[in-house]
$ cat upload-v3.txt   # compact mmCIF, C-alpha atoms (C1' of nucleotides)
# COMPACT_ATOMS: atom_id res chain seq x y z
CA MET A 1 129.50 120.35 96.80
CA PRO A 2 126.62 119.88 94.37
CA THR A 3 124.24 117.09 95.27
CA PRO A 4 124.96 114.12 92.99
CA ILE A 5 122.07 113.50 90.64
CA ASP A 6 121.37 110.88 88.05
CA ARG A 7 123.94 110.99 85.26
CA HIS A 8 121.37 110.73 82.50
CA THR A 9 119.12 113.41 83.97
CA ALA A 10 122.07 115.77 84.39
CA TRP A 11 122.99 115.49 80.74
CA GLN A 12 119.41 115.63 79.50
CA LYS A 13 119.06 119.14 80.89
CA HIS A 14 121.25 120.27 78.01
CA ARG A 15 119.79 118.25 75.17
CA HIS A 16 118.43 121.35 73.42
CA LEU A 17 122.03 122.41 72.72
CA TRP A 18 122.82 119.41 70.52
CA HIS A 19 123.00 119.65 66.71
CA HIS A 20 122.55 116.78 64.28
CA GLU A 21 124.60 115.75 61.27
CA THR A 22 125.24 112.84 58.91
CA ALA A 23 128.32 111.97 56.88
CA GLY A 24 129.33 109.39 54.29
CA PRO A 25 132.16 106.89 54.65
CA ARG A 26 135.76 108.19 54.58
CA THR A 27 134.72 111.67 55.58
CA LEU A 28 137.09 113.71 57.71
CA LEU A 29 135.31 114.92 60.86
CA LEU A 30 138.54 116.60 61.93
CA LYS A 31 141.75 117.15 60.00
CA GLU A 32 145.22 116.96 61.55
CA GLY A 33 146.47 120.51 62.12
CA GLU A 34 142.99 122.04 62.35
CA ILE A 35 141.16 122.97 65.52
CA SER A 36 138.55 120.63 66.96
CA ARG A 37 135.43 122.78 67.28
CA LYS A 38 132.70 120.17 67.60
CA LEU A 39 132.31 117.51 70.25
CA TYR A 40 130.61 114.63 68.43
CA VAL A 41 128.74 111.63 69.74
CA ILE A 42 128.24 108.77 67.31
CA ALA A 43 124.60 107.70 67.00
CA GLU A 44 125.30 105.21 64.22
CA GLY A 45 128.38 104.10 62.31
CA CYS A 46 132.06 104.07 63.19
CA ALA A 47 135.19 106.16 62.81
CA ARG A 48 138.91 106.01 63.34
CA TYR A 49 141.54 108.34 64.76
CA TRP A 50 144.79 108.50 62.80
CA PHE A 51 147.90 110.57 62.31
CA ASN A 52 150.38 110.87 59.48
CA HIS A 53 153.93 109.57 59.85
CA ASP A 54 156.27 109.62 56.86
CA GLY A 55 153.31 109.43 54.51
CA LYS A 56 151.76 106.48 56.37
CA GLU A 57 148.42 106.71 58.11
CA ILE A 58 148.70 105.35 61.62
CA SER A 59 145.35 104.51 63.25
CA PHE A 60 145.29 104.49 67.03
CA GLN A 61 141.63 104.45 68.05
CA PHE A 62 138.28 103.25 66.74
CA SER A 63 134.95 104.66 67.86
CA PHE A 64 131.46 103.21 67.63
CA GLU A 65 127.86 103.96 68.58
CA GLY A 66 127.68 105.97 71.81
CA ASP A 67 131.30 107.05 71.78
CA VAL A 68 132.38 110.66 72.15
CA VAL A 69 134.56 111.74 69.24
CA TYR A 70 136.79 114.83 69.26
CA SER A 71 140.35 115.95 69.86
CA SER A 72 140.19 116.89 73.51
CA GLU A 73 143.44 118.84 73.71
CA SER A 74 142.65 120.80 70.53
CA PHE A 75 139.06 121.42 71.61
CA ARG A 76 140.01 122.67 75.07
CA LYS A 77 142.99 124.80 74.16
CA ASN A 78 142.21 125.87 70.58
CA ILE A 79 145.45 124.39 69.35
CA PRO A 80 145.95 122.36 66.13
CA SER A 81 144.92 118.74 66.47
CA ALA A 82 147.73 116.17 66.45
CA TYR A 83 145.52 113.77 64.52
CA SER A 84 142.63 113.34 62.13
CA ILE A 85 139.27 111.73 62.76
CA GLU A 86 137.68 110.01 59.78
CA THR A 87 134.48 108.05 59.34
CA ILE A 88 134.76 104.45 58.22
CA GLU A 89 131.09 103.64 57.68
CA PRO A 90 128.36 106.21 56.95
CA VAL A 91 127.59 107.88 60.28
CA THR A 92 124.84 109.81 62.00
CA LEU A 93 126.11 112.18 64.66
CA ARG A 94 125.05 114.69 67.23
CA TRP A 95 127.42 117.42 68.35
CA LEU A 96 128.01 120.31 70.74
CA SER A 97 129.86 123.50 69.83
CA GLN A 98 132.76 124.71 71.95
CA ASP A 99 130.61 127.53 73.34
CA ASP A 100 127.75 125.23 74.23
CA MET A 101 130.19 122.80 75.81
CA GLN A 102 131.38 125.70 77.98
CA ILE A 103 127.81 126.08 79.20
CA VAL A 104 127.54 122.37 79.94
CA ARG A 105 130.90 122.37 81.70
CA GLN A 106 129.72 125.13 84.00
CA ASP A 107 126.85 123.02 85.27
CA PRO A 108 127.97 122.16 88.82
CA GLU A 109 126.00 118.93 88.70
CA LEU A 110 128.08 117.81 85.74
CA TYR A 111 131.49 118.77 87.08
CA PRO A 112 132.08 115.53 88.97
CA LEU A 113 130.70 113.49 86.08
CA ILE A 114 133.02 115.14 83.60
CA ILE A 115 136.09 114.72 85.80
CA GLU A 116 135.14 111.12 86.29
CA SER A 117 134.58 110.37 82.63
CA VAL A 118 137.87 111.97 81.64
CA ALA A 119 139.69 110.01 84.30
CA ASP A 120 137.92 106.79 83.30
CA LYS A 121 138.87 107.32 79.69
CA GLN A 122 142.45 107.65 80.80
CA ALA A 123 142.25 104.35 82.68
CA VAL A 124 140.90 102.55 79.62
CA PHE A 125 143.62 104.11 77.53
CA GLN A 126 146.23 102.98 80.04
CA ARG A 127 145.05 99.39 79.98
CA HIS A 128 145.27 99.45 76.21
CA PHE A 129 148.78 100.87 76.48
CA PHE A 130 149.84 98.11 78.88
CA SER A 131 149.22 95.51 76.19
CA TYR A 132 151.96 97.09 74.09
CA LEU A 133 154.50 96.54 76.85
CA ARG A 134 153.18 93.14 77.86
CA ASP A 135 151.98 91.31 74.78
CA THR A 136 153.31 90.34 71.37
CA PRO A 137 151.50 91.61 68.26
CA ARG A 138 149.95 88.15 67.86
CA GLN A 139 148.58 88.29 71.41
CA ARG A 140 147.24 91.79 70.85
CA TYR A 141 145.36 90.53 67.78
CA GLU A 142 144.00 87.58 69.74
CA ASN A 143 142.91 89.93 72.53
CA LEU A 144 141.14 92.14 70.03
CA LEU A 145 139.44 89.11 68.49
CA ARG A 146 138.28 87.99 71.93
CA ASP A 147 137.38 91.36 73.51
CA GLN A 148 136.26 93.48 70.57
CA PRO A 149 135.36 91.20 67.66
CA GLU A 150 133.23 94.06 66.34
CA VAL A 151 136.40 95.99 65.51
CA ILE A 152 137.65 93.17 63.29
CA ARG A 153 134.26 92.83 61.61
CA ARG A 154 133.78 96.51 60.88
CA VAL A 155 137.26 97.99 60.46
CA PRO A 156 139.46 97.37 57.36
CA LEU A 157 142.50 95.26 58.22
CA GLN A 158 145.07 97.83 57.13
CA TYR A 159 143.79 100.15 59.86
CA ILE A 160 143.84 97.37 62.43
CA ALA A 161 147.45 96.55 61.50
CA SER A 162 148.71 100.02 62.35
CA TYR A 163 146.54 100.00 65.48
CA LEU A 164 148.40 96.85 66.56
CA GLY A 165 151.74 98.46 65.71
CA ILE A 166 152.57 96.13 62.82
CA THR A 167 152.42 96.10 59.02
CA PRO A 168 149.43 94.75 57.06
CA VAL A 169 151.71 91.98 55.78
CA SER A 170 152.53 90.86 59.30
CA LEU A 171 148.89 90.98 60.36
CA SER A 172 147.97 88.85 57.38
CA ARG A 173 150.57 86.25 58.41
CA ILE A 174 149.25 86.20 61.97
CA ARG A 175 145.68 85.76 60.73
CA SER A 176 146.58 82.88 58.42
CA SER A 177 148.45 81.10 61.21
CA ILE A 178 145.38 81.27 63.46
CA SER A 179 142.53 80.14 61.23
CA MET B 1 131.42 129.57 87.40
CA PRO B 2 134.13 130.28 89.97
CA THR B 3 136.41 133.17 89.16
CA PRO B 4 139.72 131.77 87.92
CA ILE B 5 142.53 132.54 90.36
CA ASP B 6 146.23 131.89 90.34
CA ARG B 7 146.98 128.17 90.26
CA HIS B 8 149.61 128.34 92.96
CA THR B 9 147.45 130.44 95.28
CA ALA B 10 144.54 128.06 94.87
CA TRP B 11 146.62 125.07 95.93
CA GLN B 12 148.39 126.92 98.73
CA LYS B 13 145.09 127.41 100.53
CA HIS B 14 145.24 123.70 101.35
CA ARG B 15 148.89 123.36 102.30
CA HIS B 16 148.04 122.63 105.95
CA LEU B 17 146.54 119.31 104.85
CA TRP B 18 149.80 117.89 103.52
CA HIS B 19 151.83 115.24 105.41
CA HIS B 20 155.55 114.58 105.01
CA GLU B 21 157.42 111.32 104.61
CA THR B 22 160.75 109.89 103.49
CA ALA B 23 161.61 106.47 102.11
CA GLY B 24 164.74 104.55 101.10
CA PRO B 25 165.45 103.16 97.64
CA ARG B 26 163.36 100.20 96.42
CA THR B 27 160.55 100.95 98.79
CA LEU B 28 157.02 100.18 97.67
CA LEU B 29 154.85 103.27 97.96
CA LEU B 30 151.94 101.25 96.62
CA LYS B 31 151.63 97.52 96.02
CA GLU B 32 149.74 96.00 93.09
CA GLY B 33 146.38 94.75 94.38
CA GLU B 34 146.23 97.18 97.31
CA ILE B 35 144.25 100.41 97.43
CA SER B 36 145.97 103.70 96.76
CA ARG B 37 145.18 105.83 99.83
CA LYS B 38 147.81 108.54 99.61
CA LEU B 39 148.34 111.05 96.83
CA TYR B 40 152.07 111.69 96.86
CA VAL B 41 154.12 114.49 95.39
CA ILE B 42 157.85 113.86 95.03
CA ALA B 43 160.00 116.56 96.61
CA GLU B 44 163.24 114.73 95.97
CA GLY B 45 164.21 111.41 94.35
CA CYS B 46 162.52 109.27 91.74
CA ALA B 47 160.19 106.30 91.44
CA ARG B 48 158.80 103.90 88.88
CA TYR B 49 155.39 102.43 88.15
CA TRP B 50 155.39 98.73 87.30
CA PHE B 51 153.15 95.71 87.04
CA ASN B 52 153.80 92.01 87.14
CA HIS B 53 153.41 89.87 84.05
CA ASP B 54 154.37 86.19 84.16
CA GLY B 55 156.85 86.92 86.92
CA LYS B 56 158.43 89.81 85.04
CA GLU B 57 158.32 93.37 86.29
CA ILE B 58 157.16 95.69 83.54
CA SER B 59 157.89 99.37 84.17
CA PHE B 60 155.70 101.85 82.36
CA GLN B 61 156.30 105.22 83.97
CA PHE B 62 159.03 107.10 85.83
CA SER B 63 158.40 110.02 88.16
CA PHE B 64 160.74 112.74 89.39
CA GLU B 65 160.76 115.86 91.53
CA GLY B 66 157.44 117.70 91.36
CA ASP B 67 155.48 114.78 89.93
CA VAL B 68 152.24 113.53 91.45
CA VAL B 69 152.47 109.83 92.26
CA TYR B 70 149.47 107.60 92.95
CA SER B 71 147.14 105.14 91.28
CA SER B 72 144.33 107.42 90.19
CA GLU B 73 141.73 104.77 89.46
CA SER B 74 142.42 102.94 92.72
CA PHE B 75 142.48 106.16 94.73
CA ARG B 76 139.21 107.45 93.30
CA LYS B 77 137.21 104.25 93.35
CA ASN B 78 138.78 102.33 96.24
CA ILE B 79 139.57 99.42 93.97
CA PRO B 80 142.80 97.36 93.92
CA SER B 81 145.61 99.03 92.04
CA ALA B 82 146.61 97.43 88.74
CA TYR B 83 150.24 98.28 89.41
CA SER B 84 152.90 98.97 92.02
CA ILE B 85 154.80 102.19 92.64
CA GLU B 86 158.34 101.77 93.93
CA THR B 87 161.07 104.23 94.77
CA ILE B 88 164.33 103.99 92.83
CA GLU B 89 166.42 106.52 94.73
CA PRO B 90 165.83 107.60 98.34
CA VAL B 91 162.86 109.99 98.26
CA THR B 92 161.30 112.75 100.27
CA LEU B 93 157.57 113.07 99.75
CA ARG B 94 154.53 115.01 100.75
CA TRP B 95 151.09 113.46 100.58
CA LEU B 96 147.35 114.01 100.93
CA SER B 97 144.93 111.45 102.36
CA GLN B 98 141.85 110.42 100.39
CA ASP B 99 139.63 112.36 102.79
CA ASP B 100 141.71 115.50 102.54
CA MET B 101 141.80 115.17 98.79
CA GLN B 102 137.99 115.11 98.90
CA ILE B 103 138.13 118.49 100.63
CA VAL B 104 140.52 119.86 98.04
CA ARG B 105 138.40 118.50 95.20
CA GLN B 106 135.38 120.34 96.54
CA ASP B 107 137.12 123.68 96.24
CA PRO B 108 135.30 125.30 93.30
CA GLU B 109 138.40 127.29 92.44
CA LEU B 110 140.32 124.07 91.93
CA TYR B 111 137.73 122.21 89.87
CA PRO B 112 138.84 123.64 86.52
CA LEU B 113 142.50 123.18 87.45
CA ILE B 114 141.96 119.53 88.34
CA ILE B 115 140.03 118.79 85.17
CA GLU B 116 142.74 120.48 83.19
CA SER B 117 145.63 118.66 84.85
CA VAL B 118 143.95 115.28 84.40
CA ALA B 119 143.29 116.04 80.76
CA ASP B 120 146.83 117.32 80.24
CA LYS B 121 148.28 114.20 81.79
CA GLN B 122 146.22 112.19 79.34
CA ALA B 123 147.61 114.17 76.42
CA VAL B 124 151.19 113.54 77.54
CA PHE B 125 150.39 109.89 77.95
CA GLN B 126 148.89 109.81 74.48
CA ARG B 127 151.96 111.32 72.87
CA HIS B 128 154.06 108.68 74.62
CA PHE B 129 151.71 106.01 73.34
CA PHE B 130 151.99 107.30 69.77
CA SER B 131 155.71 106.52 69.76
CA TYR B 132 154.89 102.83 70.20
CA LEU B 133 152.86 102.85 67.00
CA ARG B 134 155.19 105.10 65.08
CA ASP B 135 158.76 104.37 66.14
CA THR B 136 161.06 101.37 66.41
CA PRO B 137 162.55 100.46 69.81
CA ARG B 138 165.85 102.01 68.68
CA GLN B 139 164.09 105.29 67.83
CA ARG B 140 162.26 105.26 71.17
CA TYR B 141 165.60 104.91 72.96
CA GLU B 142 167.07 107.75 70.91
CA ASN B 143 164.04 109.91 71.69
CA LEU B 144 164.45 109.19 75.37
CA LEU B 145 168.15 110.05 75.18
CA ARG B 146 167.30 113.33 73.47
CA ASP B 147 164.17 114.38 75.38
CA GLN B 148 164.69 112.92 78.85
CA PRO B 149 168.40 112.15 79.33
CA GLU B 150 167.74 112.33 83.08
CA VAL B 151 165.76 109.09 82.86
CA ILE B 152 168.76 107.26 81.41
CA ARG B 153 171.09 108.74 83.99
CA ARG B 154 168.94 107.93 87.00
CA VAL B 155 166.97 104.81 86.10
CA PRO B 156 168.54 101.30 85.88
CA LEU B 157 168.62 99.98 82.33
CA GLN B 158 166.54 96.90 83.02
CA TYR B 159 163.62 99.17 83.93
CA ILE B 160 164.16 101.32 80.87
CA ALA B 161 164.16 98.20 78.68
CA SER B 162 160.67 97.15 79.76
CA TYR B 163 159.55 100.78 79.48
CA LEU B 164 160.65 100.68 75.83
CA GLY B 165 158.87 97.36 75.33
CA ILE B 166 162.03 95.30 74.76
CA THR B 167 164.36 92.99 76.70
CA PRO B 168 167.47 94.21 78.54
CA VAL B 169 169.55 92.23 76.03
CA SER B 170 168.04 94.07 73.11
CA LEU B 171 168.49 97.44 74.79
CA SER B 172 172.12 96.60 75.43
CA ARG B 173 172.61 95.84 71.73
CA ILE B 174 170.97 99.11 70.74
CA ARG B 175 173.18 101.04 73.15
CA SER B 176 176.38 99.44 71.90
CA SER B 177 175.47 100.17 68.29
CA ILE B 178 175.01 103.87 69.11
CA SER B 179 178.07 104.76 71.15
C1' DG C 1 129.22 92.45 32.99
C1' DC C 2 133.73 94.60 32.42
C1' DC C 3 137.40 97.39 33.86
C1' DA C 4 139.99 100.00 37.17
C1' DC C 5 141.26 100.42 41.67
C1' DT C 6 141.91 99.16 46.26
C1' DT C 7 142.55 95.66 49.72
C1' DC C 8 144.34 91.53 51.31
C1' DT C 9 147.39 87.61 50.94
C1' DT C 10 151.55 85.11 49.75
C1' DA C 11 156.46 84.60 48.86
C1' DA C 12 161.44 85.45 49.45
C1' DC C 13 164.93 87.58 51.81
C1' DA C 14 166.94 91.08 55.09
C1' DA C 15 166.87 93.06 59.57
C1' DT C 16 165.55 93.00 64.25
C1' DT C 17 164.29 90.98 68.42
C1' DG C 18 163.77 87.12 71.77
C1' DT C 19 165.95 83.36 74.45
C1' DA C 20 169.40 81.07 77.02
C1' DA C 21 173.81 80.96 78.77
C1' DA C 22 178.16 82.77 79.90
C1' DA C 23 181.26 86.64 80.76
C1' DT C 24 182.09 91.06 82.60
C1' DA C 25 181.07 95.04 85.42
C1' DA C 26 179.12 97.25 89.21
C1' DT C 27 177.25 97.26 93.90
C1' DA C 28 176.37 95.74 98.44
C1' DT C 29 177.60 93.25 102.67
C1' DC C 30 180.36 91.74 106.10
C1' DG D 1 189.21 94.47 100.83
C1' DA D 2 187.30 89.93 99.84
C1' DT D 3 183.05 87.84 98.70
C1' DA D 4 178.39 87.51 97.36
C1' DT D 5 174.86 89.51 94.76
C1' DT D 6 172.90 92.06 91.19
C1' DA D 7 173.21 94.50 86.77
C1' DT D 8 174.83 94.84 82.22
C1' DT D 9 176.99 93.12 78.19
C1' DT D 10 178.21 89.65 74.86
C1' DT D 11 177.49 85.49 72.11
C1' DA D 12 175.00 82.09 69.37
C1' DC D 13 170.91 80.63 67.56
C1' DA D 14 165.74 80.62 66.97
C1' DA D 15 161.63 83.19 66.05
C1' DT D 16 159.35 87.19 64.48
C1' DT D 17 158.79 91.22 61.87
C1' DG D 18 159.87 94.47 58.02
C1' DT D 19 160.44 95.16 53.06
C1' DT D 20 159.56 94.54 48.37
C1' DA D 21 157.18 92.53 44.81
C1' DA D 22 153.72 89.78 42.84
C1' DG D 23 149.34 87.54 42.81
C1' DA D 24 144.42 86.93 44.44
C1' DA D 25 140.28 88.75 46.16
C1' DG D 26 137.10 92.20 46.77
C1' DT D 27 134.70 96.92 45.45
C1' DG D 28 132.93 100.51 42.91
C1' DG D 29 131.83 103.02 38.62
C1' DC D 30 130.33 102.97 33.99

$ encode --input "upload-v3.txt" --output "structure tokens"
Amino acid sequence: MPTPIDRHTAWQKHRHLWHHETAGPRTLLLKEGEISRKLYVIAEGCARYWFNHDGKEISFQFSFEGDVVYSSESFRKNIPSAYSIETIEPVTLRWLSQDDMQIVRQDPELYPLIIESVADKQAVFQRHFFSYLRDTPRQRYENLLRDQPEVIRRVPLQYIASYLGITPVSLSRIRSSIS
Amino acid sequence: MPTPIDRHTAWQKHRHLWHHETAGPRTLLLKEGEISRKLYVIAEGCARYWFNHDGKEISFQFSFEGDVVYSSESFRKNIPSAYSIETIEPVTLRWLSQDDMQIVRQDPELYPLIIESVADKQAVFQRHFFSYLRDTPRQRYENLLRDQPEVIRRVPLQYIASYLGITPVSLSRIRSSIS
DNA sequence: GCCACTTCTTAACAATTGTAAAATAATATC
DNA sequence: GATATTATTTTACAATTGTTAAGAAGTGGC
């Protein structure tokens, strides 16, 4: 087994592979049905993940500074992405190509870190999922307000409504009954 | 990078590490708050994942023959599990200890397979999650009936209700309005 | 600043779900 | 097989959400 080394140092070995890019607000970084070919990291700004359902845009994830942004299944398997990724604010990004990511993935010092980060992401996702089984929409909004007030400050309410699994009208009612 | 070999062959190398076990119905394989120390695979029978919320048992996953069953975050990090795993039917199981799983994980031929299976599991989970944002409880029940009729045959309805995010009463109404 | 456009809120009503309690059905135990 | 226990269904009513439409507030372009 490779000797564990510092996470930051392990990644820094590959920093020469990163490209840089900026984009305005409401720019598609990835379009539903296309193949995810760049693994982005957000340096500044925010974005949302969404998919189309009967003509409605359903947002299911928001990403901010430091977050990795890509469609992992599409990126790994070269299959069409099930969702789009769109900037909300103007963003500055760095990204890795699929080929360069292959190089990084082959680094034995990074193997355990990558497994771990994928698994951790899954755990976070699962906790988020639990709130849909456990809490009412009102409680989910209150949780968001308490745990991630930044989302409510930076993300338009219509996107937050679909993220909470309700309509904008219902979210508006919940908000007015709180404040 | 290790040469990719046949998935089955790669796992079979480690078959001597597996233990065998049986359990009756309604047996806890893992209790919320305890540490997941065995990675089970179901040979026969089925089980459910659930957590407690205000005295109610909320089921969020069902597992059948061939499925891996454990609390991944708890198993990896030796932290208390956020949920319980309980048999529904009598089961026969095989399992790996944490230490033996460490050995398996170190097999360079299995690294890519493990990363892939974790990532795939996440994708399945994500698709399931999407239905909570996209569909009504009635549609989720109809999807379950269409895609996994085995779940409805083998799992008590009260567990299915919480899995769908509704009460048993509401599920009963939905069922009676269909058939 | 003015206009057009989008976003958010409010209102009214329909549809769905939750809650509590009782009835029925199914299962387990002796 | 009779009884106790648990699971599921049904009923009635309260609470919440969806839908549609209209109004208010906010944004951006000229």

$ atom_distance --input "upload-v3.txt" --atom1 "atom CA of Val69 of chain B" --atom2 "atom CA of Gln139 of chain B"
27.4 Å

$ closest_atom_pairs --input "upload-v3.txt" --of "chain C" --to "chain A" --cutoff "10 Å" --atoms "all atoms listed in the file" --output "JSON lines"
{"residue": "C:DT7", "atom": "C1'", "partner": "A:Gln158", "partner_atom": "CA", "distance": 8.1}
{"residue": "C:DC8", "atom": "C1'", "partner": "A:Ser172", "partner_atom": "CA", "distance": 7.6}
{"residue": "C:DT9", "atom": "C1'", "partner": "A:Ser172", "partner_atom": "CA", "distance": 6.6}
{"residue": "C:DT10", "atom": "C1'", "partner": "A:Arg173", "partner_atom": "CA", "distance": 8.8}

$ residues_near_point --input "upload-v3.txt" --point "(162.0, 92.4, 56.9)" --cutoff "10 Å" --atoms "all atoms listed in the file" --output "VMD selection string"
(chain A and resid 170) or (chain C and resid 13 to 16) or (chain D and resid 16 to 20)

$ interface_residues --input "upload-v3.txt" --of "chain A" --to "chain B" --cutoff "8 Å" --atoms "only C-alpha atoms" --output "MDAnalysis selection string"
chainID A and resid 1 53 58 60 72:73 106 111 115 118:120 122:123 129:130 132:134 162:166

$ write_last_selection --input "upload-v3.txt" --atoms "C-alpha atoms" --output "tab-separated table (two decimals), keeping the file's coordinate frame"
chain	number	residue	atom	x	y	z
A	1	MET	CA	129.50	120.35	96.80
A	53	HIS	CA	153.93	109.57	59.85
A	58	ILE	CA	148.70	105.35	61.62
A	60	PHE	CA	145.29	104.49	67.03
A	72	SER	CA	140.19	116.89	73.51
A	73	GLU	CA	143.44	118.84	73.71
A	106	GLN	CA	129.72	125.13	84.00
A	111	TYR	CA	131.49	118.77	87.08
A	115	ILE	CA	136.09	114.72	85.80
A	118	VAL	CA	137.87	111.97	81.64
A	119	ALA	CA	139.69	110.01	84.30
A	120	ASP	CA	137.92	106.79	83.30
A	122	GLN	CA	142.45	107.65	80.80
A	123	ALA	CA	142.25	104.35	82.68
A	129	PHE	CA	148.78	100.87	76.48
A	130	PHE	CA	149.84	98.11	78.88
A	132	TYR	CA	151.96	97.09	74.09
A	133	LEU	CA	154.50	96.54	76.85
A	134	ARG	CA	153.18	93.14	77.86
A	162	SER	CA	148.71	100.02	62.35
A	163	TYR	CA	146.54	100.00	65.48
A	164	LEU	CA	148.40	96.85	66.56
A	165	GLY	CA	151.74	98.46	65.71
A	166	ILE	CA	152.57	96.13	62.82

$ atom_distance --input "upload-v3.txt" --atom1 "atom CA of Thr87 of chain A" --atom2 "atom CA of Pro25 of chain A"
5.4 Å

$ atom_distance --input "upload-v3.txt" --atom1 "atom C1' of DA26 of chain C" --atom2 "atom C1' of DA2 of chain D"
15.3 Å

$ interface_residues --input "upload-v3.txt" --of "chain D" --to "chain B" --cutoff "10 Å" --atoms "all atoms listed in the file" --output "list in words"
DA7, DT8, DT9 and DT10 of chain D

$ write_last_selection --input "upload-v3.txt" --atoms "C-alpha atoms (C1' of nucleotides)" --output "mmCIF file, keeping the file's coordinate frame"
data_model
loop_
_atom_site.group_PDB
_atom_site.id
_atom_site.type_symbol
_atom_site.label_atom_id
_atom_site.label_comp_id
_atom_site.auth_asym_id
_atom_site.auth_seq_id
_atom_site.Cartn_x
_atom_site.Cartn_y
_atom_site.Cartn_z
ATOM 1 C "C1'" DA D 7 173.210 94.500 86.770
ATOM 2 C "C1'" DT D 8 174.830 94.840 82.220
ATOM 3 C "C1'" DT D 9 176.990 93.120 78.190
ATOM 4 C "C1'" DT D 10 178.210 89.650 74.860
#

$ axis_aligned_box --input "upload-v3.txt" --around "segment 8-19 of chain B" --padding-each-side "6 Å" --output "AutoDock Vina command-line options"
--center_x 148.2 --center_y 122.8 --center_z 99.5 --size_x 19.3 --size_y 27.2 --size_z 25.0

$ closest_residue --input "upload-v3.txt" --among "C:DC5, C:DC30, C:DA11, C:DA21" --to "DG28 of chain D" --atoms "all atoms listed in the file"
C:DC5

$ decode --input "upload-v3.txt" --residues "segment 56-60 of chain B" --atoms "all heavy atoms" --output "mmCIF file, in the first residue's frame"
data_model
loop_
_atom_site.group_PDB
_atom_site.id
_atom_site.type_symbol
_atom_site.label_atom_id
_atom_site.label_comp_id
_atom_site.auth_asym_id
_atom_site.auth_seq_id
_atom_site.Cartn_x
_atom_site.Cartn_y
_atom_site.Cartn_z
ATOM 1 N N LYS B 56 -40.290 7.110 15.547
ATOM 2 C CA LYS B 56 -40.752 6.397 14.357
ATOM 3 C C LYS B 56 -39.570 5.792 13.616
ATOM 4 O O LYS B 56 -38.516 6.402 13.512
ATOM 5 C CB LYS B 56 -41.506 7.356 13.415
ATOM 6 C CG LYS B 56 -42.864 7.767 13.942
ATOM 7 C CD LYS B 56 -43.484 8.822 13.014
ATOM 8 C CE LYS B 56 -44.726 9.432 13.657
ATOM 9 N NZ LYS B 56 -45.134 10.694 13.027
ATOM 10 N N GLU B 57 -39.793 4.590 13.088
ATOM 11 C CA GLU B 57 -38.758 3.944 12.293
ATOM 12 C C GLU B 57 -38.915 4.369 10.832
ATOM 13 O O GLU B 57 -39.956 4.140 10.233
ATOM 14 C CB GLU B 57 -38.886 2.422 12.383
ATOM 15 C CG GLU B 57 -38.648 1.868 13.773
ATOM 16 C CD GLU B 57 -38.708 0.345 13.812
ATOM 17 O OE1 GLU B 57 -38.906 -0.265 12.740
ATOM 18 O OE2 GLU B 57 -38.568 -0.216 14.911
ATOM 19 N N ILE B 58 -37.883 4.993 10.304
ATOM 20 C CA ILE B 58 -37.943 5.435 8.911
ATOM 21 C C ILE B 58 -37.023 4.575 8.059
ATOM 22 O O ILE B 58 -35.807 4.607 8.224
ATOM 23 C CB ILE B 58 -37.579 6.926 8.794
ATOM 24 C CG1 ILE B 58 -38.582 7.740 9.619
ATOM 25 C CG2 ILE B 58 -37.549 7.364 7.344
ATOM 26 C CD1 ILE B 58 -38.361 9.222 9.581
ATOM 27 N N SER B 59 -37.618 3.787 7.169
ATOM 28 C CA SER B 59 -36.847 2.903 6.288
ATOM 29 C C SER B 59 -36.425 3.670 5.045
ATOM 30 O O SER B 59 -37.219 4.420 4.486
ATOM 31 C CB SER B 59 -37.697 1.700 5.869
ATOM 32 O OG SER B 59 -38.130 0.982 7.006
ATOM 33 N N PHE B 60 -35.190 3.477 4.637
ATOM 34 C CA PHE B 60 -34.747 4.231 3.459
ATOM 35 C C PHE B 60 -34.065 3.369 2.403
ATOM 36 O O PHE B 60 -33.729 3.859 1.329
ATOM 37 C CB PHE B 60 -33.827 5.385 3.865
ATOM 38 C CG PHE B 60 -32.546 4.951 4.508
ATOM 39 C CD1 PHE B 60 -31.410 4.806 3.748
ATOM 40 C CD2 PHE B 60 -32.486 4.698 5.868
ATOM 41 C CE1 PHE B 60 -30.219 4.403 4.332
ATOM 42 C CE2 PHE B 60 -31.308 4.297 6.463
ATOM 43 C CZ PHE B 60 -30.173 4.147 5.695
#
